[in-house]
>>> print(open('coords-v3.pdb').read())   # PDB, C-alpha atoms
ATOM      1  CA  MET L 266     -18.826   2.725  -0.281
ATOM      2  CA  LEU L 267     -16.023   3.114   2.176
ATOM      3  CA  SER L 268     -17.755   5.985   3.938
ATOM      4  CA  ARG L 269     -20.810   3.782   4.317
ATOM      5  CA  LEU L 270     -18.534   1.167   5.935
ATOM      6  CA  LEU L 271     -17.304   3.839   8.327
ATOM      7  CA  LEU L 272     -20.862   4.902   9.161
ATOM      8  CA  ARG L 273     -21.769   1.277   9.753
ATOM      9  CA  ALA L 274     -18.834   0.842  12.146
ATOM     10  CA  ALA L 275     -19.676   4.008  14.125
ATOM     11  CA  PRO L 276     -22.532   2.515  16.207
ATOM     12  CA  ALA L 277     -20.341  -0.507  16.940
ATOM     13  CA  ALA L 278     -17.574   1.825  18.155
ATOM     14  CA  LEU L 279     -20.036   3.827  20.209
ATOM     15  CA  ARG L 280     -21.403   0.657  21.768
ATOM     16  CA  SER L 281     -17.897  -0.301  22.860
ATOM     17  CA  LEU L 282     -17.628   2.863  25.014
ATOM     18  CA  PRO L 283     -18.210   2.275  28.727
ATOM     19  CA  PRO L 284     -21.617   3.507  29.985
ATOM     20  CA  PRO L 285     -21.210   7.037  31.312
ATOM     21  CA  GLY L 286     -22.105   6.454  34.923
ATOM     22  CA  ALA L 287     -20.322   3.215  35.651
ATOM     23  CA  VAL L 288     -16.685   4.243  35.305
ATOM     24  CA  GLY L 289     -16.488   6.368  38.398
ATOM     25  CA  VAL L 290     -13.521   8.652  38.807
ATOM     26  CA  LEU L 291     -11.762   7.831  35.514
ATOM     27  CA  HIS L 292     -14.357   9.372  33.207
ATOM     28  CA  ALA L 293     -11.887  11.531  31.272
ATOM     29  CA  THR L 294     -10.342   8.660  29.289
ATOM     30  CA  ARG L 295     -12.218   6.558  26.783
ATOM     31  CA  PRO L 296     -10.871   3.671  24.713
ATOM     32  CA  LEU L 297      -9.464   4.976  21.439
ATOM     33  CA  HIS L 298      -8.796   3.043  18.236
ATOM     34  CA  THR L 299     -11.284   0.319  19.101
ATOM     35  CA  THR L 300     -12.426  -0.447  15.542
ATOM     36  CA  GLN L 301     -10.447  -2.815  13.372
ATOM     37  CA  GLN L 302     -10.491  -0.365  10.468
ATOM     38  CA  SER L 303      -7.267   1.175   9.328
ATOM     39  CA  TRP L 304      -6.839   3.629   6.502
ATOM     40  CA  ALA L 305      -3.247   2.713   5.700
ATOM     41  CA  PRO L 306      -2.216   1.084   3.543
ATOM     42  CA  LEU L 307      -5.011   2.118   1.206
ATOM     43  CA  PRO L 308      -6.664  -0.772  -0.625
ATOM     44  CA  PRO L 309      -5.748  -0.595  -4.317
ATOM     45  CA  LEU L 310      -8.260   0.712  -6.867
ATOM     46  CA  PRO L 311     -10.452  -2.010  -8.346
ATOM     47  CA  GLU L 312      -9.425  -3.013 -11.863
ATOM     48  CA  LYS L 313     -12.815  -2.802 -13.543
ATOM     49  CA  GLY L 314     -16.012  -1.057 -12.559
ATOM     50  CA  GLY L 315     -19.341  -2.704 -12.073
ATOM     51  CA  GLU L 316     -20.553  -4.643 -15.103
ATOM     52  CA  VAL L 317     -23.036  -2.770 -17.261
ATOM     53  CA  ARG L 318     -24.895  -4.466 -20.091
ATOM     54  CA  HIS L 319     -25.542  -2.534 -23.298
ATOM     55  CA  GLY L 320     -23.991   0.463 -21.573
ATOM     56  CA  LEU L 321     -27.231   1.235 -19.756
ATOM     57  CA  ILE L 322     -28.376  -1.494 -17.375
ATOM     58  CA  PRO L 323     -26.207  -2.812 -14.544
ATOM     59  CA  GLU L 324     -25.535  -6.507 -14.475
ATOM     60  CA  GLU L 325     -27.055  -6.836 -11.004
ATOM     61  CA  PHE L 326     -30.501  -6.352 -12.515
ATOM     62  CA  PHE L 327     -30.045  -9.347 -14.809
ATOM     63  CA  GLN L 328     -28.707 -11.425 -11.906
ATOM     64  CA  PHE L 329     -31.640 -10.326  -9.759
ATOM     65  CA  LEU L 330     -34.170 -11.643 -12.297
ATOM     66  CA  TYR L 331     -32.213 -14.748 -13.330
ATOM     67  CA  PRO L 332     -33.560 -17.206 -10.666
ATOM     68  CA  LYS L 333     -37.153 -16.450 -11.493
ATOM     69  CA  THR L 334     -37.151 -15.803 -15.225
ATOM     70  CA  GLY L 335     -33.877 -17.165 -16.629
ATOM     71  CA  VAL L 336     -31.802 -15.416 -19.255
ATOM     72  CA  THR L 337     -34.517 -13.832 -21.386
ATOM     73  CA  GLY L 338     -36.502 -12.420 -18.477
ATOM     74  CA  PRO L 339     -35.108  -8.897 -18.410
ATOM     75  CA  TYR L 340     -35.344  -8.643 -22.205
ATOM     76  CA  MET L 341     -39.002  -9.639 -22.139
ATOM     77  CA  LEU L 342     -39.545  -7.134 -19.357
ATOM     78  CA  GLY L 343     -37.853  -4.480 -21.472
ATOM     79  CA  THR L 344     -39.914  -5.321 -24.561
ATOM     80  CA  GLY L 345     -43.138  -5.331 -22.578
ATOM     81  CA  LEU L 346     -42.322  -2.012 -20.972
ATOM     82  CA  VAL L 347     -41.494  -0.410 -24.330
ATOM     83  CA  LEU L 348     -44.704  -1.650 -25.941
ATOM     84  CA  TYR L 349     -46.725  -0.462 -22.952
ATOM     85  CA  LEU L 350     -45.142   2.989 -23.052
ATOM     86  CA  LEU L 351     -45.730   3.254 -26.792
ATOM     87  CA  SER L 352     -49.288   1.968 -26.803
ATOM     88  CA  LYS L 353     -50.453   4.120 -23.934
ATOM     89  CA  GLU L 354     -48.478   7.006 -25.456
ATOM     90  CA  ILE L 355     -46.694   7.608 -22.235
ATOM     91  CA  TYR L 356     -43.757   7.919 -24.618
ATOM     92  CA  VAL L 357     -44.936  10.184 -27.461
ATOM     93  CA  VAL L 358     -43.464   9.683 -30.916
ATOM     94  CA  ASN L 359     -42.797  13.074 -32.419
ATOM     95  CA  HIS L 360     -39.996  15.014 -34.120
ATOM     96  CA  GLU L 361     -37.858  14.604 -31.019
ATOM     97  CA  THR L 362     -37.920  10.853 -31.448
ATOM     98  CA  VAL L 363     -36.362  11.183 -34.900
ATOM     99  CA  ALA L 364     -33.703  13.536 -33.547
ATOM    100  CA  ALA L 365     -33.003  11.147 -30.673
ATOM    101  CA  ALA L 366     -32.701   8.211 -33.079
ATOM    102  CA  CYS L 367     -30.174  10.072 -35.281
ATOM    103  CA  ILE L 368     -28.124  11.235 -32.289
ATOM    104  CA  LEU L 369     -28.122   7.786 -30.717
ATOM    105  CA  SER L 370     -27.050   6.088 -33.932
ATOM    106  CA  VAL L 371     -24.160   8.514 -34.378
ATOM    107  CA  ILE L 372     -23.112   8.057 -30.761
ATOM    108  CA  ILE L 373     -23.256   4.279 -31.002
ATOM    109  CA  TYR L 374     -21.276   4.284 -34.264
ATOM    110  CA  GLY L 375     -18.644   6.546 -32.712
ATOM    111  CA  VAL L 376     -18.346   4.415 -29.593
ATOM    112  CA  LYS L 377     -18.112   1.174 -31.527
ATOM    113  CA  ARG L 378     -15.439   2.513 -33.841
ATOM    114  CA  PHE L 379     -13.255   4.695 -31.594
ATOM    115  CA  GLY L 380     -13.988   3.185 -28.183
ATOM    116  CA  SER L 381     -10.969   0.916 -27.913
ATOM    117  CA  ASP L 382      -8.546   3.587 -29.164
ATOM    118  CA  VAL L 383      -9.783   6.130 -26.660
ATOM    119  CA  ALA L 384      -9.602   3.519 -23.921
ATOM    120  CA  ALA L 385      -5.993   2.684 -24.870
ATOM    121  CA  PHE L 386      -5.067   6.371 -24.880
ATOM    122  CA  ALA L 387      -6.653   6.939 -21.482
ATOM    123  CA  ASP L 388      -4.855   3.866 -20.154
ATOM    124  CA  LYS L 389      -1.560   5.238 -21.461
ATOM    125  CA  LEU L 390      -2.180   8.543 -19.651
ATOM    126  CA  ASN L 391      -2.964   6.653 -16.489
ATOM    127  CA  GLU L 392       0.176   4.543 -16.869
ATOM    128  CA  GLU L 393       2.284   7.686 -17.228
ATOM    129  CA  LYS L 394       0.768   9.206 -14.117
ATOM    130  CA  ILE L 395       1.299   6.020 -12.149
ATOM    131  CA  ALA L 396       4.853   5.670 -13.480
ATOM    132  CA  LYS L 397       5.715   9.213 -12.431
ATOM    133  CA  ALA L 398       4.262   8.739  -8.958
ATOM    134  CA  SER L 399       5.898   5.364  -8.448
ATOM    135  CA  ALA L 400       9.204   6.784  -9.741
ATOM    136  CA  VAL L 401       9.017   9.420  -7.031
ATOM    137  CA  LYS L 402       8.101   6.762  -4.494
ATOM    138  CA  ASN L 403      10.946   4.462  -5.566
ATOM    139  CA  GLU L 404      13.357   7.362  -5.515
ATOM    140  CA  ALA L 405      12.298   8.213  -1.984
ATOM    141  CA  ILE L 406      12.577   4.573  -0.957
ATOM    142  CA  ARG L 407      16.059   4.322  -2.466
ATOM    143  CA  ASP L 408      17.155   7.499  -0.726
ATOM    144  CA  LEU L 409      15.838   6.225   2.558
ATOM    145  CA  GLU L 410      17.571   2.894   2.047
ATOM    146  CA  THR L 411      20.920   4.582   1.387
ATOM    147  CA  ALA L 412      20.296   6.668   4.481
ATOM    148  CA  ILE L 413      19.664   3.461   6.421
ATOM    149  CA  GLU L 414      22.907   1.981   5.066
ATOM    150  CA  ALA L 415      24.820   5.095   6.067
ATOM    151  CA  GLU L 416      23.233   4.977   9.508
ATOM    152  CA  LYS L 417      24.180   1.318   9.947
ATOM    153  CA  LYS L 418      27.722   2.156   8.875
ATOM    154  CA  GLU L 419      27.838   4.905  11.456
ATOM    155  CA  GLN L 420      26.591   2.505  14.080
ATOM    156  CA  TRP L 421      29.299   0.060  13.074
ATOM    157  CA  ARG L 422      31.837   2.849  13.326
ATOM    158  CA  VAL L 423      30.721   3.559  16.839
ATOM    159  CA  GLU L 424      31.929   0.107  17.812
ATOM    160  CA  GLY L 425      35.427   1.161  16.818
ATOM    161  CA  ARG L 426      35.349   3.913  19.381
ATOM    162  CA  SER L 427      37.112   1.774  21.945
ATOM    163  CA  TYR L 428      40.001   1.142  19.539
ATOM    164  CA  LEU L 429      40.216   4.837  18.826
ATOM    165  CA  PHE L 430      40.406   5.682  22.476
ATOM    166  CA  ASP L 431      42.952   2.944  23.115
ATOM    167  CA  ALA L 432      45.143   4.379  20.361
ATOM    168  CA  LYS L 433      44.767   7.844  21.824
ATOM    169  CA  ARG L 434      45.581   6.586  25.268
ATOM    170  CA  ASN L 435      48.639   4.846  23.866
ATOM    171  CA  ASN L 436      49.692   8.081  22.211
ATOM    172  CA  VAL L 437      49.332  10.007  25.415
ATOM    173  CA  ALA L 438      51.199   7.357  27.393
ATOM    174  CA  MET L 439      53.970   7.389  24.831
ATOM    175  CA  LEU L 440      54.254  11.152  25.058
ATOM    176  CA  LEU L 441      54.423  10.989  28.819
ATOM    177  CA  GLU L 442      57.004   8.226  28.654
ATOM    178  CA  THR L 443      59.099  10.163  26.154
ATOM    179  CA  ASN L 444      58.947  13.258  28.276
ATOM    180  CA  TYR L 445      59.869  11.336  31.380
ATOM    181  CA  ARG L 446      62.798   9.702  29.675
ATOM    182  CA  GLU L 447      64.023  13.010  28.299
ATOM    183  CA  ARG L 448      63.977  14.485  31.731
ATOM    184  CA  LEU L 449      65.639  11.432  33.157
ATOM    185  CA  LEU L 450      68.413  11.774  30.582
ATOM    186  CA  MET L 451      68.780  15.428  31.375
ATOM    187  CA  VAL L 452      69.083  14.681  35.066
ATOM    188  CA  TYR L 453      71.639  11.977  34.379
ATOM    189  CA  ASN L 454      73.677  14.302  32.184
ATOM    190  CA  GLU L 455      73.660  17.095  34.712
ATOM    191  CA  VAL L 456      74.642  14.786  37.549
ATOM    192  CA  LYS L 457      77.356  13.242  35.397
ATOM    193  CA  LYS L 458      78.691  16.681  34.522
ATOM    194  CA  ARG L 459      78.927  17.637  38.152
ATOM    195  CA  LEU L 460      80.558  14.353  39.099
ATOM    196  CA  ASP L 461      83.013  14.638  36.190
ATOM    197  CA  TYR L 462      83.918  18.075  37.364
ATOM    198  CA  GLN L 463      84.651  16.774  40.798
ATOM    199  CA  VAL L 464      86.707  13.899  39.387
ATOM    200  CA  ALA L 465      88.577  16.249  37.080
ATOM    201  CA  MET L 466      89.284  18.557  39.970
ATOM    202  CA  GLN L 467      90.692  15.741  42.053
ATOM    203  CA  ASN L 468      92.788  14.475  39.158
ATOM    204  CA  LEU L 469      94.100  17.901  38.484
ATOM    205  CA  LYS L 470      94.918  18.447  42.098
ATOM    206  CA  ARG L 471      96.763  15.122  42.352
ATOM    207  CA  GLN L 472      98.601  15.778  39.121
ATOM    208  CA  LYS L 473      99.661  19.178  40.259
ATOM    209  CA  GLU L 474     100.801  17.819  43.564
ATOM    210  CA  GLN L 475     102.662  15.062  41.794
ATOM    211  CA  ASP L 476     104.350  17.399  39.364
ATOM    212  CA  HIS L 477     105.230  19.792  42.041
ATOM    213  CA  MET L 478     106.690  17.101  44.219
ATOM    214  CA  ILE L 479     108.742  15.695  41.333
ATOM    215  CA  GLN L 480     110.036  19.087  40.487
ATOM    216  CA  TRP L 481     110.870  19.791  44.072
ATOM    217  CA  VAL L 482     112.611  16.473  44.471
ATOM    218  CA  GLU L 483     114.563  17.008  41.246
ATOM    219  CA  LYS L 484     115.481  20.479  42.252
ATOM    220  CA  ASN L 485     116.656  19.357  45.587
ATOM    221  CA  VAL L 486     118.604  16.463  44.188
ATOM    222  CA  ILE L 487     120.262  18.637  41.610
ATOM    223  CA  GLN L 488     121.048  21.165  44.263
ATOM    224  CA  SER L 489     122.556  18.496  46.432
ATOM    225  CA  ILE L 490     124.823  17.275  43.740
ATOM    226  CA  THR L 491     128.021  19.296  44.487
ATOM    227  CA  PRO L 492     130.586  19.641  41.756
ATOM    228  CA  GLN L 493     132.980  17.256  43.520
ATOM    229  CA  GLN L 494     130.371  14.573  43.635
ATOM    230  CA  GLN L 495     129.743  15.170  39.987
ATOM    231  CA  LYS L 496     133.389  14.505  39.082
ATOM    232  CA  GLU L 497     133.498  11.374  41.255
ATOM    233  CA  SER L 498     130.302   9.988  39.688
ATOM    234  CA  ILE L 499     131.604  10.709  36.153
ATOM    235  CA  ALA L 500     134.936   8.873  36.899
ATOM    236  CA  LYS L 501     133.021   5.956  38.302
ATOM    237  CA  CYS L 502     130.859   5.798  35.215
ATOM    238  CA  ILE L 503     133.935   5.794  32.985
ATOM    239  CA  LEU L 504     135.466   2.916  34.967
ATOM    240  CA  ASP L 505     132.195   0.961  34.724
ATOM    241  CA  LEU L 506     132.019   1.575  31.027
ATOM    242  CA  LYS L 507     135.588   0.307  30.506
ATOM    243  CA  ALA L 508     134.788  -2.822  32.478
ATOM    244  CA  LEU L 509     131.685  -3.394  30.470
ATOM    245  CA  SER L 510     133.494  -2.842  27.247
ATOM    246  CA  LYS L 511     136.112  -5.392  28.202
ATOM    247  CA  SER L 512     133.449  -7.999  29.003
ATOM    248  CA  ALA L 513     131.662  -7.145  25.772
ATOM    249  CA  GLN L 514     134.843  -7.504  23.717
ATOM    250  CA  ALA L 515     135.335 -10.855  25.338
ATOM    251  CA  ALA L 516     131.810 -11.936  24.376
ATOM    252  CA  VAL L 517     132.338 -10.951  20.713
TER
ATOM    253  CA  ALA E 293     -28.585 -11.585  13.893
ATOM    254  CA  ALA E 294     -31.280  -9.517  15.508
ATOM    255  CA  VAL E 295     -30.574  -6.226  13.799
ATOM    256  CA  PRO E 296     -33.035  -3.496  14.768
ATOM    257  CA  LEU E 297     -35.310  -2.333  11.973
ATOM    258  CA  LYS E 298     -33.694   1.060  11.836
ATOM    259  CA  ASP E 299     -30.305  -0.337  10.777
ATOM    260  CA  MET E 300     -31.477  -2.915   8.272
ATOM    261  CA  LYS E 301     -30.616  -2.453   4.646
ATOM    262  CA  LEU E 302     -33.389  -1.828   2.135
ATOM    263  CA  MET E 303     -33.009  -5.175   0.375
ATOM    264  CA  ASP E 304     -33.477  -7.037   3.669
ATOM    265  CA  VAL E 305     -36.632  -5.192   4.685
ATOM    266  CA  LYS E 306     -39.748  -7.258   4.159
ATOM    267  CA  LEU E 307     -42.569  -5.738   2.166
ATOM    268  CA  GLY E 308     -44.891  -5.417   5.163
ATOM    269  CA  GLN E 309     -42.253  -3.589   7.210
ATOM    270  CA  LEU E 310     -41.592  -1.078   4.459
ATOM    271  CA  PRO E 311     -43.776   1.802   5.700
ATOM    272  CA  THR E 312     -42.394   1.590   9.244
ATOM    273  CA  TRP E 313     -38.870   1.343   7.888
ATOM    274  CA  LEU E 314     -39.437   4.365   5.687
ATOM    275  CA  ALA E 315     -40.840   6.323   8.635
ATOM    276  CA  MET E 316     -37.818   5.548  10.759
ATOM    277  CA  ARG E 317     -35.304   6.959   8.264
ATOM    278  CA  ASP E 318     -33.553  10.221   8.965
ATOM    279  CA  PHE E 319     -35.368  13.052   7.187
ATOM    280  CA  THR E 320     -33.484  15.960   8.705
ATOM    281  CA  PRO E 321     -31.557  18.113   6.192
ATOM    282  CA  GLY E 322     -28.350  16.617   7.539
ATOM    283  CA  GLY E 323     -29.792  13.155   7.120
ATOM    284  CA  ILE E 324     -30.884  13.857   3.545
ATOM    285  CA  LEU E 325     -27.476  15.289   2.680
ATOM    286  CA  GLY E 326     -25.868  12.252   4.237
ATOM    287  CA  ALA E 327     -28.053   9.976   2.153
ATOM    288  CA  ILE E 328     -27.165  11.869  -1.037
ATOM    289  CA  ARG E 329     -23.487  11.720  -0.148
ATOM    290  CA  ARG E 330     -23.666   7.982   0.534
ATOM    291  CA  GLY E 331     -25.466   7.322  -2.720
ATOM    292  CA  TYR E 332     -23.007   9.417  -4.672
ATOM    293  CA  ASP E 333     -20.049   7.708  -3.010
ATOM    294  CA  ARG E 334     -21.473   4.267  -3.755
ATOM    295  CA  TYR E 335     -22.036   5.047  -7.413
ATOM    296  CA  TYR E 336     -18.721   6.837  -7.798
ATOM    297  CA  ASN E 337     -16.665   4.119  -6.175
ATOM    298  CA  LYS E 338     -18.392   1.379  -8.088
ATOM    299  CA  TYR E 339     -18.416   2.755 -11.639
ATOM    300  CA  ILE E 340     -16.038   5.708 -11.941
ATOM    301  CA  ASN E 341     -13.226   5.413  -9.387
ATOM    302  CA  VAL E 342     -11.674   2.331 -11.029
ATOM    303  CA  ARG E 343      -8.582   1.652 -13.112
ATOM    304  CA  LYS E 344     -10.323   0.850 -16.393
ATOM    305  CA  GLY E 345     -13.663   2.581 -16.261
ATOM    306  CA  GLY E 346     -16.095   1.913 -19.045
ATOM    307  CA  LEU E 347     -18.783   3.764 -20.898
ATOM    308  CA  GLY E 348     -21.505   2.570 -18.520
ATOM    309  CA  GLY E 349     -20.431   4.924 -15.785
ATOM    310  CA  ILE E 350     -21.474   8.182 -17.374
ATOM    311  CA  SER E 351     -24.004   6.731 -19.810
ATOM    312  CA  MET E 352     -26.195   5.597 -16.922
ATOM    313  CA  VAL E 353     -26.089   9.094 -15.471
ATOM    314  CA  LEU E 354     -27.000  10.626 -18.842
ATOM    315  CA  ALA E 355     -29.789   8.119 -19.378
ATOM    316  CA  GLY E 356     -31.177   8.974 -15.965
ATOM    317  CA  TYR E 357     -30.976  12.661 -16.876
ATOM    318  CA  VAL E 358     -32.829  12.025 -20.143
ATOM    319  CA  VAL E 359     -35.572  10.115 -18.347
ATOM    320  CA  ILE E 360     -36.000  12.765 -15.662
ATOM    321  CA  SER E 361     -36.115  15.602 -18.167
ATOM    322  CA  TYR E 362     -38.725  13.639 -20.182
ATOM    323  CA  ILE E 363     -40.831  13.230 -17.050
ATOM    324  CA  TRP E 364     -40.552  16.937 -16.251
ATOM    325  CA  SER E 365     -41.591  17.976 -19.749
ATOM    326  CA  TYR E 366     -44.401  15.376 -20.103
ATOM    327  CA  SER E 367     -47.094  18.006 -19.521
ATOM    328  CA  HIS E 368     -45.949  19.758 -22.736
ATOM    329  CA  LEU E 369     -45.503  16.518 -24.709
ATOM    330  CA  LYS E 370     -49.015  15.375 -23.847
ATOM    331  CA  HIS E 371     -50.363  17.598 -26.612
ATOM    332  CA  ASP E 372     -48.303  15.824 -29.295
ATOM    333  CA  ARG E 373     -50.126  12.525 -28.811
ATOM    334  CA  HIS E 374     -51.525  10.968 -31.955
ATOM    335  CA  ARG E 375     -54.675   9.597 -30.329
ATOM    336  CA  LYS E 376     -56.773  11.131 -27.641
ATOM    337  CA  TYR E 377     -58.005   7.887 -26.004
ATOM    338  CA  HIS E 378     -55.799   4.932 -25.230
TER
END
>>> encode(input="coords-v3.pdb", output="structure tokens")
Amino acid sequence: MLSRLLLRAAPAALRSLPPPGAVGVLHATRPLHTTQQSWAPLPPLPEKGGEVRHGLIPEEFFQFLYPKTGVTGPYMLGTGLVLYLLSKEIYVVNHETVAAACILSVIIYGVKRFGSDVAAFADKLNEEKIAKASAVKNEAIRDLETAIEAEKKEQWRVEGRSYLFDAKRNNVAMLLETNYRERLLMVYNEVKKRLDYQVAMQNLKRQKEQDHMIQWVEKNVIQSITPQQQKESIAKCILDLKALSKSAQAAV
Amino acid sequence: AAVPLKDMKLMDVKLGQLPTWLAMRDFTPGGILGAIRRGYDRYYNKYINVRKGGLGGISMVLAGYVVISYIWSYSHLKHDRHRKYH
């Protein structure tokens, strides 16, 4: 049915091609995909097949004769045909007829009794097949959806790239700053050490000069004190002490 | 809808145009095979390739087989007739 549709659409597709001589230079390309047909998604299977009456005659026959002969028309046609075949002995009644009658009665009894059960069983088999296939399909769809979620998450993560790089840049800047400050401190310490040395040297020198001068002055003074001067200064001190003691006694 | 005679479907062909229509059909082996394939596909997709197929699908095929085999063996069955003149 569908292939007949395709074969019907083929002349329409061929007619839509440009005539061979009129295109000129561009004869290598022809319009593709010009029909409206598409094979995907497939149309679903029809639920029930064509109607068949008494298991033998399609319903279209009854509908074909209905306008002219009504409801009983095909049955009258059938009866007339059967009588004609029997009377003209186009259908011969012999032993095979009896065999056919027995076989047909058994078949009809079997169908009437077990038909619905067999149909239910076949439907169950079909359901299982469909369930398995749709389980696979749903599983695939779920996997793809989780993959899509993961992909979206990754895309969202990409937006955080700028923050990451800012943090890294901050880290690097901090390292550089730390290094610079360490070196600065080192320079300061070295310079201070040298300056301290100079200061210490100067202090030492001055102290030594001072000490030396004091010693020299003391030595000279002591040398210059002759013994006679010593006696005179001691007598003077004794006289001063007596005077002081007298004034002190007076104060008490 | 001026469809040329070659493309018309059988049910639309008028009785007088039937011989010409029949002559214009494709009788090459490829054409015959194509016709058989189309017929088979039509029957298959209508009665068998459905969700809940019924008994009618195969029973029509078997009935057709019975009728054809009766026709082919009629020359033997002629001798079993009960009357000579009808």
>>> closest_atom_pairs(input="coords-v3.pdb", of="chain E", to="chain L", cutoff="6 Å", atoms="only C-alpha atoms", output="JSON lines")
{"residue": "E:Asp333", "atom": "CA", "partner": "L:Met266", "partner_atom": "CA", "distance": 5.8}
{"residue": "E:Arg334", "atom": "CA", "partner": "L:Met266", "partner_atom": "CA", "distance": 4.6}
{"residue": "E:Lys338", "atom": "CA", "partner": "L:Gly314", "partner_atom": "CA", "distance": 5.6}
{"residue": "E:Tyr339", "atom": "CA", "partner": "L:Gly314", "partner_atom": "CA", "distance": 4.6}
{"residue": "E:Val342", "atom": "CA", "partner": "L:Pro311", "partner_atom": "CA", "distance": 5.2}
{"residue": "E:Arg343", "atom": "CA", "partner": "L:Glu312", "partner_atom": "CA", "distance": 4.9}
{"residue": "E:Lys344", "atom": "CA", "partner": "L:Lys313", "partner_atom": "CA", "distance": 5.3}
{"residue": "E:Gly345", "atom": "CA", "partner": "L:Gly314", "partner_atom": "CA", "distance": 5.7}
{"residue": "E:Gly348", "atom": "CA", "partner": "L:Gly320", "partner_atom": "CA", "distance": 4.5}
{"residue": "E:Met352", "atom": "CA", "partner": "L:Leu321", "partner_atom": "CA", "distance": 5.3}
{"residue": "E:Arg373", "atom": "CA", "partner": "L:Val357", "partner_atom": "CA", "distance": 5.9}
{"residue": "E:His378", "atom": "CA", "partner": "L:Lys353", "partner_atom": "CA", "distance": 5.6}
>>> atom_distance(input="coords-v3.pdb", atom1="CA of Ile324 (chain E)", atom2="CA of Thr312 (chain E)")
17.8 Å
>>> atom_distance(input="coords-v3.pdb", atom1="CA of Tyr336 (chain E)", atom2="CA of Leu354 (chain E)")
14.3 Å
>>> atom_distance(input="coords-v3.pdb", atom1="CA of Gly338 (chain L)", atom2="CA of Phe326 (chain L)")
10.4 Å
>>> resolve_selection(input="coords-v3.pdb", expression="the PyMOL selection byres ((chain E and resi 298) around 8)", output="list in words")
Pro296, Leu297, Asp299, Met300, Trp313, Met316 and Arg317 of chain E
>>> write_last_selection(input="coords-v3.pdb", atoms="C-alpha atoms", output="tab-separated table (two decimals), in the frame of the given file")
chain	number	residue	atom	x	y	z
E	296	PRO	CA	-33.03	-3.50	14.77
E	297	LEU	CA	-35.31	-2.33	11.97
E	299	ASP	CA	-30.30	-0.34	10.78
E	300	MET	CA	-31.48	-2.92	8.27
E	313	TRP	CA	-38.87	1.34	7.89
E	316	MET	CA	-37.82	5.55	10.76
E	317	ARG	CA	-35.30	6.96	8.26
>>> axis_aligned_box(input="coords-v3.pdb", around="region 345-351 of chain E", padding_each_side="4 Å", output="AutoDock Vina command-line options")
--center_x -18.8 --center_y 5.0 --center_z -18.3 --size_x 18.3 --size_y 14.3 --size_z 13.1
